[in-house]
Each structure stands twice: as structure tokens, then as C-alpha cells.
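Dumped coords.cif below, it's mmCIF, C-alpha atoms:
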```
data_my_file
#
loop_
_atom_site.label_atom_id
_atom_site.label_comp_id
_atom_site.auth_asym_id
_atom_site.auth_seq_id
_atom_site.Cartn_x
_atom_site.Cartn_y
_atom_site.Cartn_z
CA MET H 1 -64.60 131.21 11.32
CA LYS H 2 -63.94 127.85 12.95
CA PRO H 3 -66.37 127.34 15.87
CA ARG H 4 -64.67 127.31 19.26
CA THR H 5 -65.10 124.13 21.27
CA THR H 6 -65.29 124.62 25.04
CA LEU H 7 -64.92 122.11 27.85
CA ALA H 8 -68.67 122.29 28.36
CA ASP H 9 -69.16 121.39 24.68
CA ARG H 10 -66.98 118.30 25.10
CA VAL H 11 -68.88 117.17 28.18
CA TYR H 12 -72.19 117.81 26.42
CA HIS H 13 -71.18 115.66 23.44
CA SER H 14 -69.96 112.83 25.66
CA LEU H 15 -73.19 112.82 27.68
CA PHE H 16 -75.24 113.15 24.50
CA SER H 17 -73.50 110.07 23.06
CA ARG H 18 -74.04 108.05 26.24
CA ILE H 19 -77.73 108.91 26.29
CA SER H 20 -78.19 108.31 22.55
CA ASN H 21 -76.50 104.94 22.77
CA GLY H 22 -78.54 103.80 25.76
CA ASP H 23 -75.73 103.85 28.31
CA TYR H 24 -78.11 105.94 30.41
CA PRO H 25 -81.62 104.54 29.70
CA ALA H 26 -84.81 106.60 29.77
CA ASN H 27 -86.01 107.59 33.25
CA GLN H 28 -82.69 106.53 34.81
CA LYS H 29 -80.98 108.91 37.19
CA LEU H 30 -77.64 110.21 36.00
CA PRO H 31 -74.63 109.80 38.28
CA PRO H 32 -74.25 112.61 40.86
CA GLU H 33 -72.72 115.84 39.57
CA ASN H 34 -69.54 115.42 41.59
CA VAL H 35 -69.05 111.93 40.11
CA LEU H 36 -69.64 113.15 36.55
CA ALA H 37 -67.34 116.14 37.04
CA GLN H 38 -64.58 113.85 38.27
CA ASP H 39 -65.25 111.39 35.43
CA PHE H 40 -64.83 114.10 32.79
CA GLY H 41 -62.06 115.94 34.63
CA VAL H 42 -63.93 119.25 34.74
CA SER H 43 -65.32 121.59 37.37
CA ARG H 44 -68.94 121.38 38.46
CA PRO H 45 -69.82 124.76 36.82
CA VAL H 46 -68.56 123.36 33.49
CA LEU H 47 -70.60 120.19 34.00
CA ARG H 48 -73.71 122.21 34.88
CA THR H 49 -73.36 124.20 31.64
CA ALA H 50 -73.38 120.94 29.68
CA LEU H 51 -76.36 119.62 31.66
CA GLU H 52 -78.26 122.83 31.06
CA ARG H 53 -77.83 122.39 27.33
CA LEU H 54 -79.13 118.82 27.58
CA ARG H 55 -82.14 120.10 29.55
CA GLU H 56 -82.84 122.77 26.93
CA GLU H 57 -82.85 120.07 24.24
CA GLY H 58 -85.21 117.91 26.28
CA LEU H 59 -82.79 115.03 26.83
CA VAL H 60 -82.62 115.30 30.61
CA TYR H 61 -84.72 116.85 33.37
CA SER H 62 -84.12 117.71 37.01
CA ARG H 63 -86.00 116.72 40.13
CA GLN H 64 -85.45 119.15 42.95
CA GLY H 65 -83.23 117.54 45.53
CA ALA H 66 -83.09 114.27 43.59
CA GLY H 67 -80.71 114.96 40.70
CA ASN H 68 -80.84 114.69 36.92
CA TYR H 69 -82.77 112.07 34.96
CA VAL H 70 -82.86 110.95 31.33
CA ARG H 71 -86.12 112.02 29.74
CA ALA H 72 -88.16 109.34 27.97
CA PRO H 73 -89.18 110.23 24.39
CA LEU H 74 -92.65 111.71 24.31
CA SER H 75 -93.58 109.51 21.39
CA LYS H 76 -92.15 106.99 18.96
CA PRO H 77 -93.57 107.91 15.55
CA VAL H 78 -91.15 105.59 13.77
CA GLY H 79 -90.53 101.98 14.68
CA PHE H 80 -88.49 99.24 13.06
CA ALA H 81 -88.29 95.51 13.66
CA ARG H 82 -85.10 94.21 15.28
CA VAL H 83 -82.10 93.32 13.14
CA GLU H 84 -81.99 89.54 12.98
CA THR H 85 -80.14 88.62 9.76
CA LEU H 86 -77.40 89.82 7.42
CA ALA H 87 -80.17 90.66 4.98
CA ASP H 88 -81.58 93.10 7.54
CA ILE H 89 -78.19 94.81 7.82
CA GLN H 90 -77.96 95.10 4.03
CA ARG H 91 -81.46 96.59 3.89
CA CYS H 92 -80.47 99.09 6.58
CA TYR H 93 -77.53 100.20 4.45
CA GLU H 94 -79.85 100.58 1.46
CA PHE H 95 -82.13 102.82 3.47
CA ARG H 96 -79.26 104.84 4.94
CA LEU H 97 -77.80 105.43 1.47
CA ASN H 98 -80.98 107.26 0.50
CA LEU H 99 -81.58 108.95 3.85
CA GLU H 100 -78.10 110.15 4.76
CA THR H 101 -76.93 111.14 1.28
CA LYS H 102 -79.70 113.71 1.08
CA ALA H 103 -79.16 114.75 4.70
CA ALA H 104 -75.47 115.43 3.98
CA ALA H 105 -76.37 117.66 1.04
CA LEU H 106 -78.85 119.63 3.14
CA ALA H 107 -76.36 119.84 6.02
CA ALA H 108 -73.81 121.43 3.68
CA GLU H 109 -76.40 123.95 2.55
CA ARG H 110 -78.07 124.77 5.88
CA HIS H 111 -75.69 124.23 8.82
CA ASN H 112 -74.75 126.91 11.33
CA ALA H 113 -71.64 127.20 13.50
CA ALA H 114 -73.18 125.42 16.49
CA VAL H 115 -74.22 122.24 14.70
CA LEU H 116 -71.01 122.24 12.66
CA GLY H 117 -69.24 122.15 16.02
CA ASP H 118 -71.28 119.07 16.93
CA ILE H 119 -70.07 117.28 13.80
CA GLU H 120 -66.49 118.34 14.41
CA GLU H 121 -66.56 117.20 18.03
CA ALA H 122 -67.68 113.73 16.97
CA LEU H 123 -64.90 113.71 14.38
CA LYS H 124 -62.38 114.53 17.12
CA LEU H 125 -63.59 111.52 19.11
CA LEU H 126 -63.16 109.33 16.02
CA ARG H 127 -59.67 110.72 15.47
CA ALA H 128 -58.67 110.01 19.07
CA ALA H 129 -60.05 106.47 18.82
CA THR H 130 -58.13 105.87 15.60
CA GLY H 131 -54.95 107.07 17.29
CA SER H 132 -55.59 104.47 20.01
CA LEU H 133 -56.33 101.75 17.41
CA GLN H 134 -59.98 101.57 18.44
CA HIS H 135 -63.30 101.87 16.65
CA ARG H 136 -65.96 103.77 18.61
CA GLU H 137 -69.48 103.08 17.45
CA ASP H 138 -70.84 105.81 19.75
CA ALA H 139 -68.67 108.51 18.15
CA ASP H 140 -69.43 107.17 14.67
CA PHE H 141 -73.18 107.34 15.29
CA ALA H 142 -72.87 110.79 16.88
CA PHE H 143 -71.10 112.01 13.72
CA HIS H 144 -73.87 110.78 11.44
CA LEU H 145 -76.61 112.00 13.78
CA ALA H 146 -75.09 115.49 13.93
CA ILE H 147 -75.13 115.62 10.12
CA ALA H 148 -78.80 114.65 10.13
CA LYS H 149 -79.43 117.40 12.67
CA ALA H 150 -77.54 119.89 10.49
CA SER H 151 -80.02 119.26 7.67
CA ASN H 152 -82.49 121.38 9.69
CA ASN H 153 -85.19 118.83 8.90
CA GLN H 154 -86.35 116.98 11.97
CA TYR H 155 -87.52 113.98 9.96
CA PHE H 156 -83.95 113.01 9.06
CA GLU H 157 -82.79 113.24 12.67
CA THR H 158 -85.85 111.47 14.09
CA THR H 159 -85.57 108.61 11.62
CA LEU H 160 -81.86 108.12 12.27
CA ARG H 161 -82.48 108.11 16.03
CA ALA H 162 -85.15 105.45 15.54
CA LEU H 163 -82.60 103.41 13.59
CA ARG H 164 -79.89 103.75 16.25
CA GLU H 165 -79.87 100.11 17.35
CA HIS H 166 -80.00 98.89 13.75
CA VAL H 167 -77.20 101.21 12.65
CA ASN H 168 -75.07 100.24 15.65
CA VAL H 169 -75.27 96.55 14.69
CA GLY H 170 -73.77 97.37 11.30
CA MET H 171 -71.24 99.77 12.80
CA LYS H 172 -70.09 97.20 15.34
CA LEU H 173 -69.60 94.49 12.73
CA HIS H 174 -67.95 97.01 10.42
CA GLY H 175 -65.58 98.02 13.21
CA GLN H 176 -64.65 94.40 13.81
CA SER H 177 -63.88 93.95 10.11
CA LEU H 178 -61.71 97.08 10.17
CA MET H 179 -59.61 95.76 13.01
CA THR H 180 -58.38 92.90 10.80
CA ASP H 181 -56.42 95.54 8.85
CA GLY H 182 -55.21 97.29 12.00
CA ALA H 183 -54.30 100.96 11.71
CA LYS H 184 -54.68 101.03 7.92
CA GLY H 185 -58.41 100.28 7.92
CA LEU H 186 -59.15 102.70 10.76
CA GLU H 187 -57.20 105.49 9.08
CA GLU H 188 -59.04 104.98 5.81
CA VAL H 189 -62.40 105.33 7.53
CA LEU H 190 -61.23 108.38 9.48
CA GLN H 191 -60.19 109.98 6.20
CA GLU H 192 -63.65 109.32 4.76
CA HIS H 193 -65.22 111.08 7.74
CA THR H 194 -62.72 113.94 7.52
CA VAL H 195 -63.27 114.80 3.86
CA LEU H 196 -67.03 114.56 4.40
CA PHE H 197 -66.80 117.05 7.27
CA ASP H 198 -64.67 119.38 5.12
CA ALA H 199 -67.25 119.33 2.30
CA ILE H 200 -70.10 120.10 4.70
CA ARG H 201 -68.11 122.86 6.40
CA ASP H 202 -67.27 124.48 3.04
CA ARG H 203 -70.88 124.15 1.82
CA ARG H 204 -69.96 121.93 -1.14
CA THR H 205 -73.42 120.42 -1.41
CA ASP H 206 -73.03 117.94 -4.27
CA GLU H 207 -69.62 116.82 -3.03
CA ALA H 208 -70.98 116.21 0.48
CA ALA H 209 -73.75 114.01 -0.93
CA GLY H 210 -71.27 112.07 -3.06
CA LEU H 211 -68.84 111.58 -0.18
CA MET H 212 -71.60 110.35 2.13
CA GLN H 213 -72.75 107.87 -0.51
CA MET H 214 -69.19 106.67 -1.08
CA HIS H 215 -68.55 106.34 2.67
CA LEU H 216 -71.68 104.25 3.26
CA GLU H 217 -71.01 102.08 0.22
CA HIS H 218 -67.43 101.48 1.37
CA SER H 219 -68.68 100.62 4.86
CA ARG H 220 -71.21 98.18 3.46
CA ASP H 221 -68.73 96.59 1.06
CA ARG H 222 -66.05 96.22 3.73
CA LEU H 223 -68.57 94.43 5.89
CA PHE H 224 -69.96 92.18 3.16
CA GLY H 225 -66.64 91.66 1.39
CA GLY H 226 -68.13 92.98 -1.86
CA GLY H 227 -70.57 90.06 -2.04
CA LEU H 228 -74.04 91.46 -1.43
CA LEU H 229 -77.01 89.19 -0.82
CA ASP H 230 -79.62 88.67 -3.52
CA LEU H 231 -82.73 90.28 -2.05
CA ARG H 232 -85.02 89.70 -5.01
CA MET H 233 -88.40 88.25 -4.10
CA THR H 234 -89.02 84.69 -5.22
#
```
Give the structure from the file, written as C-alpha cells.
Amino acid sequence: MKPRTTLADRVYHSLFSRISNGDYPANQKLPPENVLAQDFGVSRPVLRTALERLREEGLVYSRQGAGNYVRAPLSKPVGFARVETLADIQRCYEFRLNLETKAAALAAERHNAAVLGDIEEALKLLRAATGSLQHREDADFAFHLAIAKASNNQYFETTLRALREHVNVGMKLHGQSLMTDGAKGLEEVLQEHTVLFDAIRDRRTDEAAGLMQMHLEHSRDRLFGGGLLDLRMT
């Protein structure tokens, strides 16, 4: 059965994306509940359901009488140097090709309805952005992060979270390259995400891995114009 997406789910995913992308930094107070409810066009009970889910997952915490705050990570077991060159972006793609291809296969094998709904919700945001001729790096990252989460192996998700800033650099530049083709480029990328979601949903393990590899290779090649850098040591 197709998982049902509620208003609270939509608010949760939007807040999750904002927190993951640093729009609300660690230890920062979230906007008041009435402001957030108005921002998302929902009632305060719906908003509170979404916030409760974020609290359960350890992303936010409440201070009595003071509101909701973004929780700082307890530790940073993985750290990467900042992206400074095109070579760094290419290396990031190399790493993602190994990391996310396996994560997609495991996601197809292990996902449940709840995490499949997370992937689908991110896909809906990508579809809406494509319809508006926009590329949303936050929705793109949320899609890939939800797949890593669906692998039911915390090392995939933790590593991808640690790579967020690095991945976003590539996604932003990739999005800019897509816009040169207008709707055509955006629709092609949306289709790549869509067929990948379908393969994961239908538990087609090998196909999911192949589609993830193809998607990342296409993204890399669109960005680099097919001319990769020579990274051999001299």
C-alpha cells in the first residue's frame, strides 16, 4: 500500500530540510509556533505533531516557556576538509558513487512504509520545483539522505550528513548547469529521481543500485561537461 502523507508529515519534512541544510543552525531557537504554523499554512496542533517527531529523532528540544531549539550533534565522528577546488567536487562524486549506490540497494531491500514516505515527500518537493522551473538543493539532498536512512545502516546516513556541505556545493553547481537547458534539463533529472524511487519502492535491489549509479554519473558529467580531471598522482 502507498503510505499516506499527512499535513504533519509535510511540515516535518520541510523543517527537517531546513535544519539539515543549516537554515536553522545548532542551538538556535526556532521561530514561534504561531509564526511557523502561519508560514506552513497549518494549524498549531498539526505543527506540534511535526515538532514532536523532530524531538523524538533528537533534532530539536524544548525549553519550558522558551520555545523550541535545534539540538547540536552530540559528536562529529566524521569530518571532511572544505571543498576548495573542482578536483574536490570530482572526488566527492567518486565517494558518493560508492557510498550511495550501495545505500540504494540496501534501501530497496530494507525500507519500511515510513521511510519510503520520507523519500516520496522529497520527490514531491523536487517535482513541484521542476514545475516552477527551479532546482532545489535542499529537496535534492533530502531525497538522497532519506535513501541513506532507508538502508537501515546508520553509517550511510551519518556519512552523508557529514558530507552535506560538500554535496550541496556540487548540487548547486549542477543545478546552475541544468538551468542552461531550461525545463528539459530539470525534467530529465526529475525522471532520474522518479525511476530510482520506483525501483526502491518495488524492492528491485540491483536496479536501484544501477539507477543510483547512473544518476550520480549523469550529474557529475553534466557538471563537468564529460571532461573529468586527471587525478593521478605525479
*Applied to this file, what does the PyMOL selection byres ((chain H and resi 46) around 12) return in terms of residues, put as a list of chain:residue names?*
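Given this file, the PyMOL selection byres ((chain H and resi 46) around 12) evaluates to H:Thr6, H:Leu7, H:Ala8, H:Asp9, H:Arg10, H:Val11, H:Tyr12, H:Glu33, H:Asn34, H:Leu36, H:Ala37, H:Gln38, H:Phe40, H:Gly41, H:Val42, H:Ser43, H:Arg44, H:Pro45, H:Leu47, H:Arg48, H:Thr49, H:Ala50, H:Leu51, H:Glu52, H:Arg53.
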_Who sits within 10 Å of Glu207 (chain H), only C-alpha atoms, same chain under 4 positions skipped, as a list in words_ = Ala104, Ala105, Ala108, Val195, Leu196, Asp198, Ala199, Ile200, Arg203, Leu211, Met212 and Gln213 of chain H
_Please compute the CA of Leu231 (chain H)-CA of Glu192 (chain H) distance, one decimal, in Å._
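A separation of 27.8 Å between them.
Comparing H:Thr159, H:Asn168, H:Gln154, H:Ser62 by their smallest distance to Ala142 (chain H), the closest is H:Asn168 (using only C-alpha atoms).
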*asked:* When you count all atoms listed in the file, which of these residues is closest to Leu223 (chain H): H:Gly175, H:Gly210, H:Gly65, H:Gly185?
replied: H:Gly175
*Rank nothing, just name the residue among H:Ala72, H:Asp88, H:Val167, H:Ser14 nearest to Glu121 (chain H), using all atoms listed in the file.*
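Of the candidates, the smallest distance to Glu121 (chain H) is held by H:Ser14.
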Could I get the residues of region 54-122 of chain H with an atom no further than 12 Å from an atom of region 134-140 of chain H, each paired with its nearest atom pair and that distance in Å to one decimal, using all atoms listed in the file, sorted by chain and residue number, as CSV?
```
residue,atom,partner,partner_atom,distance
H:Asp118,CA,H:Ala139,CA,10.9
H:Ile119,CA,H:Ala139,CA,9.9
H:Glu120,CA,H:Ala139,CA,10.7
H:Glu121,CA,H:Ala139,CA,8.9
H:Ala122,CA,H:Ala139,CA,5.4
```
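Proximity of H:Gly117, H:Leu59, H:Leu163, H:Asn27 to Leu15 (chain H), computed with all atoms listed in the file, is greatest for H:Leu59.
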*asked:* If I take CA of Asn68 (chain H) and CA of Ala129 (chain H), how far is one from the other in Å, to one decimal?
replied: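 Calculated distance between CA of Asn68 (chain H) and CA of Ala129 (chain H) is 28.8 Å.
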*Determine the nearest neighbour of Arg201 (chain H) from the options H:Leu97, H:Leu116, H:Met214, H:Leu178, counting only C-alpha atoms.*
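Between H:Leu97, H:Leu116, H:Met214, H:Leu178, the residue approaching Arg201 (chain H) most closely is H:Leu116.
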_Option closest in space to Val169 (chain H), from H:Gln90, H:Thr130, H:Asp181, H:Phe156 [counting all atoms listed in the file]_ = H:Gln90
*What separation in Å, quoted to one decimal, exists between CA of His215 (chain H) and CA of Leu126 (chain H)?*
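Result for CA of His215 (chain H) versus CA of Leu126 (chain H): 14.7 Å, one decimal.
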Missing atoms in region 199-222 of chain H: can you complete it with N, CA, C and O atoms, as a PDB file, in the coordinates of the input?
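Once written, part_35.pdb looks like this:
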```pdb
ATOM      1  N   ALA H 199     -66.288 118.942   3.342  1.00  0.00           N
ATOM      2  CA  ALA H 199     -67.250 119.330   2.300  1.00  0.00           C
ATOM      3  C   ALA H 199     -68.475 120.000   2.908  1.00  0.00           C
ATOM      4  O   ALA H 199     -68.981 120.994   2.365  1.00  0.00           O
ATOM      5  N   ILE H 200     -68.953 119.474   4.033  1.00  0.00           N
ATOM      6  CA  ILE H 200     -70.100 120.100   4.700  1.00  0.00           C
ATOM      7  C   ILE H 200     -69.724 121.479   5.217  1.00  0.00           C
ATOM      8  O   ILE H 200     -70.463 122.450   5.031  1.00  0.00           O
ATOM      9  N   ARG H 201     -68.576 121.567   5.858  1.00  0.00           N
ATOM     10  CA  ARG H 201     -68.110 122.860   6.400  1.00  0.00           C
ATOM     11  C   ARG H 201     -68.017 123.920   5.307  1.00  0.00           C
ATOM     12  O   ARG H 201     -68.414 125.077   5.504  1.00  0.00           O
ATOM     13  N   ASP H 202     -67.497 123.523   4.134  1.00  0.00           N
ATOM     14  CA  ASP H 202     -67.270 124.480   3.040  1.00  0.00           C
ATOM     15  C   ASP H 202     -68.480 124.646   2.139  1.00  0.00           C
ATOM     16  O   ASP H 202     -68.401 125.282   1.096  1.00  0.00           O
ATOM     17  N   ARG H 203     -69.609 124.034   2.525  1.00  0.00           N
ATOM     18  CA  ARG H 203     -70.880 124.150   1.820  1.00  0.00           C
ATOM     19  C   ARG H 203     -70.801 123.647   0.370  1.00  0.00           C
ATOM     20  O   ARG H 203     -71.434 124.198  -0.541  1.00  0.00           O
ATOM     21  N   ARG H 204     -70.045 122.572   0.178  1.00  0.00           N
ATOM     22  CA  ARG H 204     -69.960 121.930  -1.140  1.00  0.00           C
ATOM     23  C   ARG H 204     -71.042 120.846  -1.187  1.00  0.00           C
ATOM     24  O   ARG H 204     -70.792 119.683  -0.893  1.00  0.00           O
ATOM     25  N   THR H 205     -72.232 121.255  -1.559  1.00  0.00           N
ATOM     26  CA  THR H 205     -73.420 120.420  -1.410  1.00  0.00           C
ATOM     27  C   THR H 205     -73.331 119.102  -2.165  1.00  0.00           C
ATOM     28  O   THR H 205     -73.519 118.028  -1.584  1.00  0.00           O
ATOM     29  N   ASP H 206     -73.069 119.166  -3.460  1.00  0.00           N
ATOM     30  CA  ASP H 206     -73.030 117.940  -4.270  1.00  0.00           C
ATOM     31  C   ASP H 206     -71.896 117.026  -3.816  1.00  0.00           C
ATOM     32  O   ASP H 206     -72.052 115.798  -3.789  1.00  0.00           O
ATOM     33  N   GLU H 207     -70.763 117.617  -3.472  1.00  0.00           N
ATOM     34  CA  GLU H 207     -69.620 116.820  -3.030  1.00  0.00           C
ATOM     35  C   GLU H 207     -69.936 116.121  -1.700  1.00  0.00           C
ATOM     36  O   GLU H 207     -69.578 114.955  -1.502  1.00  0.00           O
ATOM     37  N   ALA H 208     -70.615 116.819  -0.804  1.00  0.00           N
ATOM     38  CA  ALA H 208     -70.980 116.210   0.480  1.00  0.00           C
ATOM     39  C   ALA H 208     -71.885 115.004   0.263  1.00  0.00           C
ATOM     40  O   ALA H 208     -71.701 113.956   0.892  1.00  0.00           O
ATOM     41  N   ALA H 209     -72.858 115.139  -0.634  1.00  0.00           N
ATOM     42  CA  ALA H 209     -73.750 114.010  -0.930  1.00  0.00           C
ATOM     43  C   ALA H 209     -72.970 112.844  -1.507  1.00  0.00           C
ATOM     44  O   ALA H 209     -73.161 111.686  -1.111  1.00  0.00           O
ATOM     45  N   GLY H 210     -72.062 113.133  -2.445  1.00  0.00           N
ATOM     46  CA  GLY H 210     -71.270 112.070  -3.060  1.00  0.00           C
ATOM     47  C   GLY H 210     -70.348 111.385  -2.072  1.00  0.00           C
ATOM     48  O   GLY H 210     -70.185 110.150  -2.114  1.00  0.00           O
ATOM     49  N   LEU H 211     -69.755 112.155  -1.176  1.00  0.00           N
ATOM     50  CA  LEU H 211     -68.840 111.580  -0.180  1.00  0.00           C
ATOM     51  C   LEU H 211     -69.595 110.727   0.831  1.00  0.00           C
ATOM     52  O   LEU H 211     -69.086 109.693   1.282  1.00  0.00           O
ATOM     53  N   MET H 212     -70.798 111.160   1.218  1.00  0.00           N
ATOM     54  CA  MET H 212     -71.600 110.350   2.130  1.00  0.00           C
ATOM     55  C   MET H 212     -71.974 109.030   1.462  1.00  0.00           C
ATOM     56  O   MET H 212     -71.882 107.952   2.079  1.00  0.00           O
ATOM     57  N   GLN H 213     -72.394 109.094   0.198  1.00  0.00           N
ATOM     58  CA  GLN H 213     -72.750 107.870  -0.510  1.00  0.00           C
ATOM     59  C   GLN H 213     -71.544 106.926  -0.603  1.00  0.00           C
ATOM     60  O   GLN H 213     -71.664 105.723  -0.348  1.00  0.00           O
ATOM     61  N   MET H 214     -70.395 107.481  -0.955  1.00  0.00           N
ATOM     62  CA  MET H 214     -69.190 106.670  -1.080  1.00  0.00           C
ATOM     63  C   MET H 214     -68.809 106.049   0.264  1.00  0.00           C
ATOM     64  O   MET H 214     -68.447 104.866   0.344  1.00  0.00           O
ATOM     65  N   HIS H 215     -68.905 106.833   1.339  1.00  0.00           N
ATOM     66  CA  HIS H 215     -68.550 106.340   2.670  1.00  0.00           C
ATOM     67  C   HIS H 215     -69.451 105.172   3.078  1.00  0.00           C
ATOM     68  O   HIS H 215     -68.967 104.140   3.564  1.00  0.00           O
ATOM     69  N   LEU H 216     -70.756 105.316   2.880  1.00  0.00           N
ATOM     70  CA  LEU H 216     -71.680 104.250   3.260  1.00  0.00           C
ATOM     71  C   LEU H 216     -71.503 103.014   2.379  1.00  0.00           C
ATOM     72  O   LEU H 216     -71.594 101.880   2.866  1.00  0.00           O
ATOM     73  N   GLU H 217     -71.252 103.217   1.111  1.00  0.00           N
ATOM     74  CA  GLU H 217     -71.010 102.080   0.220  1.00  0.00           C
ATOM     75  C   GLU H 217     -69.732 101.346   0.608  1.00  0.00           C
ATOM     76  O   GLU H 217     -69.693 100.107   0.621  1.00  0.00           O
ATOM     77  N   HIS H 218     -68.681 102.103   0.935  1.00  0.00           N
ATOM     78  CA  HIS H 218     -67.430 101.480   1.370  1.00  0.00           C
ATOM     79  C   HIS H 218     -67.644 100.698   2.668  1.00  0.00           C
ATOM     80  O   HIS H 218     -67.123  99.586   2.833  1.00  0.00           O
ATOM     81  N   SER H 219     -68.401 101.295   3.600  1.00  0.00           N
ATOM     82  CA  SER H 219     -68.680 100.620   4.860  1.00  0.00           C
ATOM     83  C   SER H 219     -69.423  99.317   4.619  1.00  0.00           C
ATOM     84  O   SER H 219     -69.075  98.263   5.166  1.00  0.00           O
ATOM     85  N   ARG H 220     -70.440  99.384   3.791  1.00  0.00           N
ATOM     86  CA  ARG H 220     -71.210  98.180   3.460  1.00  0.00           C
ATOM     87  C   ARG H 220     -70.344  97.132   2.793  1.00  0.00           C
ATOM     88  O   ARG H 220     -70.388  95.946   3.149  1.00  0.00           O
ATOM     89  N   ASP H 221     -69.527  97.553   1.820  1.00  0.00           N
ATOM     90  CA  ASP H 221     -68.730  96.590   1.060  1.00  0.00           C
ATOM     91  C   ASP H 221     -67.603  95.992   1.903  1.00  0.00           C
ATOM     92  O   ASP H 221     -67.249  94.822   1.719  1.00  0.00           O
ATOM     93  N   ARG H 222     -67.063  96.783   2.836  1.00  0.00           N
ATOM     94  CA  ARG H 222     -66.050  96.220   3.730  1.00  0.00           C
ATOM     95  C   ARG H 222     -66.667  95.141   4.616  1.00  0.00           C
ATOM     96  O   ARG H 222     -66.039  94.117   4.898  1.00  0.00           O
TER      97      ARG H 222
END
```
